[in-house]
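Here's the structure, in structure tokens; my notes come after.
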Amino acid sequence: MQALIGTGVALVTPFKEDFSIDTEALCRIVEYSVAGGIEYLVVLGTTAENATLSEAEKEVVIKTVVDCNNGRLPLVLGVGGNDTRKIVEELKTRDLSAFIAILSVSPFYNKPTQEGIYQHFKAISEASPIPVIIYNVPGRTSSNMLPKTVLRLANDFENIVAVKEAAGDIVQAMQILKDKPSDFLVLSGDDMIALPMVLAGGSGVISVIGQGFPKEFSEMIRLGLDRKVEEAYKLQYLLSDSIDMIFEQGNPAGIKQVFDSLGIAESFVRLPLVQVDESLAQRIDDFVKKISN
């Protein structure tokens, strides 16, 4: 899918001091991403703190992003979990007309076998009326979707169009890139190795840091896709400290502090997550000021 090439960002859910959703701040984040050259937006990904949003709040997030985006960028919706039957039911009942694809994470906590992961995504593929991006993030799910499983899904189901590969393992990503169908997209889910993955044959990234520094990060990926390696790596090394910092004390606490430093949204997160400490907040603030000058 051409629309998924480049940089997508997994949007945060900004909160007010009372931990209610700050819809005005969410609109500002959408505007900032659009103005910064991001190619598409991912709504209700892991970075959105889905685990602590009610169903009603998720609807508020979806409506806010759809309305603020107003058709300007393609939208992807996070629809995942560890109860296959529940996801299938959601796909059969939810209005997905505003979205070009869903992003569905490999089941967490259950720790299924590779065959279990395959059957899970088989059921999702058969239920989904729009294309599916499968998502491998072993650091959160406690199980690694192996390249052979990704390739099996890519070959068996036409509407499984991409993988967000966030194992942080460039060798594993290259195994998929080497043997994938020609029209299947490999998207980095790890900001630090997004550029190396693109240069190895990947199609882009679904990023966290990209929403904080959309101009620089999306340009880095475009340069990588154009094989302008030296120019791309200048931006990689410009941003690399910030990538380390935003994950140092957990996601999305770090990226929310970036938005706080930018004056776009406040840094509140819901328990059991906590805001970054004063030391890290100051380092992030200093980095934002350096980039802005």
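We label chains A, B, ... in the order they appear in the structure tokens, count residues from 1 in each chain, and number ligands from 1 in the order shown.
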>> At a cut-off of 10 Å, using only C-alpha atoms, what residues contact Asp244 (chain A)? Leave out same-chain residues fewer than 6 positions from it and give the result as a ChimeraX atom specification.
In response: /A:191-192,209,254
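Ranking A:Ile87, A:Leu4, A:Met220, A:Val60 by their shortest atom-to-atom distance to Ala101 (chain A), with only C-alpha atoms included, puts A:Leu4 first.
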>> When DSSP is applied to the backbone of this structure, which of region 17-243 of chain A are assigned helix (DSSP H, G or I)? Write them out as an MDAnalysis selection string.
In response: chainID A and resid 23:35 46:48 50:52 55:69 84:93 114:127 138:141 147:156 170:179 191:199 209:211 214:225 229:243
>> Show me, as a PyMOL selection string, the residues that have an atom within 12 Å of region 233-242 of chain A when counting only C-alpha atoms, minus same-chain residues fewer than 6 positions from it.
In response: chain A and resi 190-196+198-199+208-210+212-224+227+248+254-255+257-258+280-281+283-291
>> Which residues are near Ile29 (chain A)? Cut-off 8 Å, only C-alpha atoms, ignore same chain within fewer than 3 positions. Put them as an MDAnalysis selection string.
In response: chainID A and resid 11 25:26 32:33 211 264:265
Okay, now the selection with all heavy atoms, as an mmCIF file, in the first residue's frame?
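Output below, filename out16.cif:
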```
data_model
loop_
_atom_site.group_PDB
_atom_site.id
_atom_site.type_symbol
_atom_site.label_atom_id
_atom_site.label_comp_id
_atom_site.auth_asym_id
_atom_site.auth_seq_id
_atom_site.Cartn_x
_atom_site.Cartn_y
_atom_site.Cartn_z
ATOM 1 N N LEU A 11 0.005 8.068 17.627
ATOM 2 C CA LEU A 11 -0.361 9.249 18.398
ATOM 3 C C LEU A 11 -0.543 8.951 19.888
ATOM 4 O O LEU A 11 -1.131 7.933 20.261
ATOM 5 C CB LEU A 11 -1.662 9.843 17.855
ATOM 6 C CG LEU A 11 -1.611 10.406 16.432
ATOM 7 C CD1 LEU A 11 -3.021 10.697 15.941
ATOM 8 C CD2 LEU A 11 -0.741 11.662 16.376
ATOM 9 N N ALA A 25 -5.611 19.520 22.870
ATOM 10 C CA ALA A 25 -4.197 19.177 22.708
ATOM 11 C C ALA A 25 -4.022 18.098 21.645
ATOM 12 O O ALA A 25 -3.063 18.138 20.857
ATOM 13 C CB ALA A 25 -3.610 18.705 24.038
ATOM 14 N N LEU A 26 -4.942 17.134 21.599
ATOM 15 C CA LEU A 26 -4.865 16.090 20.579
ATOM 16 C C LEU A 26 -4.974 16.694 19.190
ATOM 17 O O LEU A 26 -4.233 16.294 18.269
ATOM 18 C CB LEU A 26 -5.953 15.043 20.810
ATOM 19 C CG LEU A 26 -5.970 13.831 19.868
ATOM 20 C CD1 LEU A 26 -4.616 13.144 19.790
ATOM 21 C CD2 LEU A 26 -7.042 12.832 20.305
ATOM 22 N N TYR A 32 0.333 19.520 14.232
ATOM 23 C CA TYR A 32 1.790 19.544 14.257
ATOM 24 C C TYR A 32 2.367 18.436 13.378
ATOM 25 O O TYR A 32 3.346 18.655 12.634
ATOM 26 C CB TYR A 32 2.245 19.392 15.704
ATOM 27 C CG TYR A 32 3.726 19.492 15.956
ATOM 28 C CD1 TYR A 32 4.420 20.674 15.708
ATOM 29 C CD2 TYR A 32 4.430 18.410 16.484
ATOM 30 C CE1 TYR A 32 5.786 20.770 15.975
ATOM 31 C CE2 TYR A 32 5.780 18.495 16.755
ATOM 32 C CZ TYR A 32 6.457 19.676 16.489
ATOM 33 O OH TYR A 32 7.802 19.773 16.757
ATOM 34 N N SER A 33 1.762 17.271 13.420
ATOM 35 C CA SER A 33 2.224 16.153 12.591
ATOM 36 C C SER A 33 1.979 16.417 11.115
ATOM 37 O O SER A 33 2.845 16.146 10.270
ATOM 38 C CB SER A 33 1.508 14.854 13.024
ATOM 39 O OG SER A 33 1.859 14.483 14.327
ATOM 40 N N GLN A 211 6.373 12.015 16.034
ATOM 41 C CA GLN A 211 5.360 13.034 16.311
ATOM 42 C C GLN A 211 5.939 14.194 17.098
ATOM 43 O O GLN A 211 5.379 15.294 17.101
ATOM 44 C CB GLN A 211 4.183 12.413 17.051
ATOM 45 C CG GLN A 211 4.479 11.907 18.437
ATOM 46 C CD GLN A 211 3.420 10.966 18.961
ATOM 47 O OE1 GLN A 211 2.260 11.339 19.088
ATOM 48 N NE2 GLN A 211 3.810 9.725 19.247
ATOM 49 N N ILE A 264 2.802 22.022 23.416
ATOM 50 C CA ILE A 264 1.675 21.496 22.630
ATOM 51 C C ILE A 264 0.683 20.737 23.505
ATOM 52 O O ILE A 264 -0.533 20.818 23.304
ATOM 53 C CB ILE A 264 2.208 20.589 21.502
ATOM 54 C CG1 ILE A 264 2.992 21.427 20.489
ATOM 55 C CG2 ILE A 264 1.070 19.834 20.817
ATOM 56 C CD1 ILE A 264 3.688 20.608 19.429
ATOM 57 N N ALA A 265 1.189 19.984 24.475
ATOM 58 C CA ALA A 265 0.334 19.198 25.370
ATOM 59 C C ALA A 265 1.086 18.982 26.678
ATOM 60 O O ALA A 265 2.324 19.024 26.712
ATOM 61 C CB ALA A 265 -0.027 17.852 24.739
#
```
> Counting only C-alpha atoms, which of A:Glu39, A:Asp277, A:Glu231, A:Asp22 gets nearest to Leu75 (chain A)?
Replying inline: A:Glu39
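Closest approach to Asn69 (chain A) among A:Arg85, A:Thr52, A:Phe99, A:Lys92: A:Phe99, based on only C-alpha atoms.
Minimum distance to Pro112 (chain A) across A:Gly202, A:Pro181, A:Pro138, A:Pro129 (counting only C-alpha atoms) occurs at A:Pro138.
With only C-alpha atoms as the atoms that count, the residue of A:Thr23, A:Asn251, A:Gln119, A:Ser182 with the shortest distance to Gly139 (chain A) is A:Asn251.
If you count only C-alpha atoms and ignore residues fewer than 3 places along the chain from Met1 (chain A), what sits within 8 Å of it is Leu4, Ile5, Val161, Asp183 and Leu185 of chain A.
The residue set within 8 Å of Val88 (chain A), counting only C-alpha atoms and dropping same-chain residues fewer than 4 places from it, reads Thr84, Lys92, Ala123, Ile124, Ala127 and Ser128 of chain A.
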Can I get the selected residues back with N, CA, C and O atoms, as a PDB file, in the first residue's frame?
```pdb
ATOM      1  N   THR A  84      -8.882 -13.217  20.766  1.00  0.00           N
ATOM      2  CA  THR A  84      -9.141 -13.221  19.321  1.00  0.00           C
ATOM      3  C   THR A  84     -10.614 -13.004  19.025  1.00  0.00           C
ATOM      4  O   THR A  84     -10.973 -12.218  18.121  1.00  0.00           O
ATOM      5  N   LYS A  92     -16.142  -6.766  13.026  1.00  0.00           N
ATOM      6  CA  LYS A  92     -17.412  -6.985  12.334  1.00  0.00           C
ATOM      7  C   LYS A  92     -18.434  -5.888  12.618  1.00  0.00           C
ATOM      8  O   LYS A  92     -19.397  -5.720  11.861  1.00  0.00           O
ATOM      9  N   ALA A 123      -7.739 -15.384  11.758  1.00  0.00           N
ATOM     10  CA  ALA A 123      -9.102 -14.993  12.118  1.00  0.00           C
ATOM     11  C   ALA A 123      -9.323 -13.495  11.918  1.00  0.00           C
ATOM     12  O   ALA A 123     -10.386 -13.065  11.434  1.00  0.00           O
ATOM     13  N   ILE A 124      -8.320 -12.690  12.256  1.00  0.00           N
ATOM     14  CA  ILE A 124      -8.435 -11.242  12.075  1.00  0.00           C
ATOM     15  C   ILE A 124      -8.488 -10.891  10.599  1.00  0.00           C
ATOM     16  O   ILE A 124      -9.301 -10.063  10.158  1.00  0.00           O
ATOM     17  N   ALA A 127     -11.849 -11.553   9.179  1.00  0.00           N
ATOM     18  CA  ALA A 127     -12.915 -10.686   9.697  1.00  0.00           C
ATOM     19  C   ALA A 127     -12.781  -9.237   9.251  1.00  0.00           C
ATOM     20  O   ALA A 127     -13.773  -8.502   9.228  1.00  0.00           O
ATOM     21  N   SER A 128     -11.563  -8.818   8.897  1.00  0.00           N
ATOM     22  CA  SER A 128     -11.331  -7.397   8.647  1.00  0.00           C
ATOM     23  C   SER A 128     -11.774  -6.980   7.247  1.00  0.00           C
ATOM     24  O   SER A 128     -11.353  -7.572   6.250  1.00  0.00           O
TER      25      SER A 128
END
```
> Could you pull out all residues of region 97-148 of chain A with a DSSP call of strand (DSSP E or B) and give them as number ranges by chain?
Replying inline: A: 101-105, 132-136
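Here the question is which of A:Val42, A:Cys68, A:Leu225, A:Leu151 gets nearest to Arg28 (chain A) using only C-alpha atoms, and that residue is A:Cys68.
Between CA of Leu146 (chain A) and CA of Pro131 (chain A) lies a distance of 20.9 Å.
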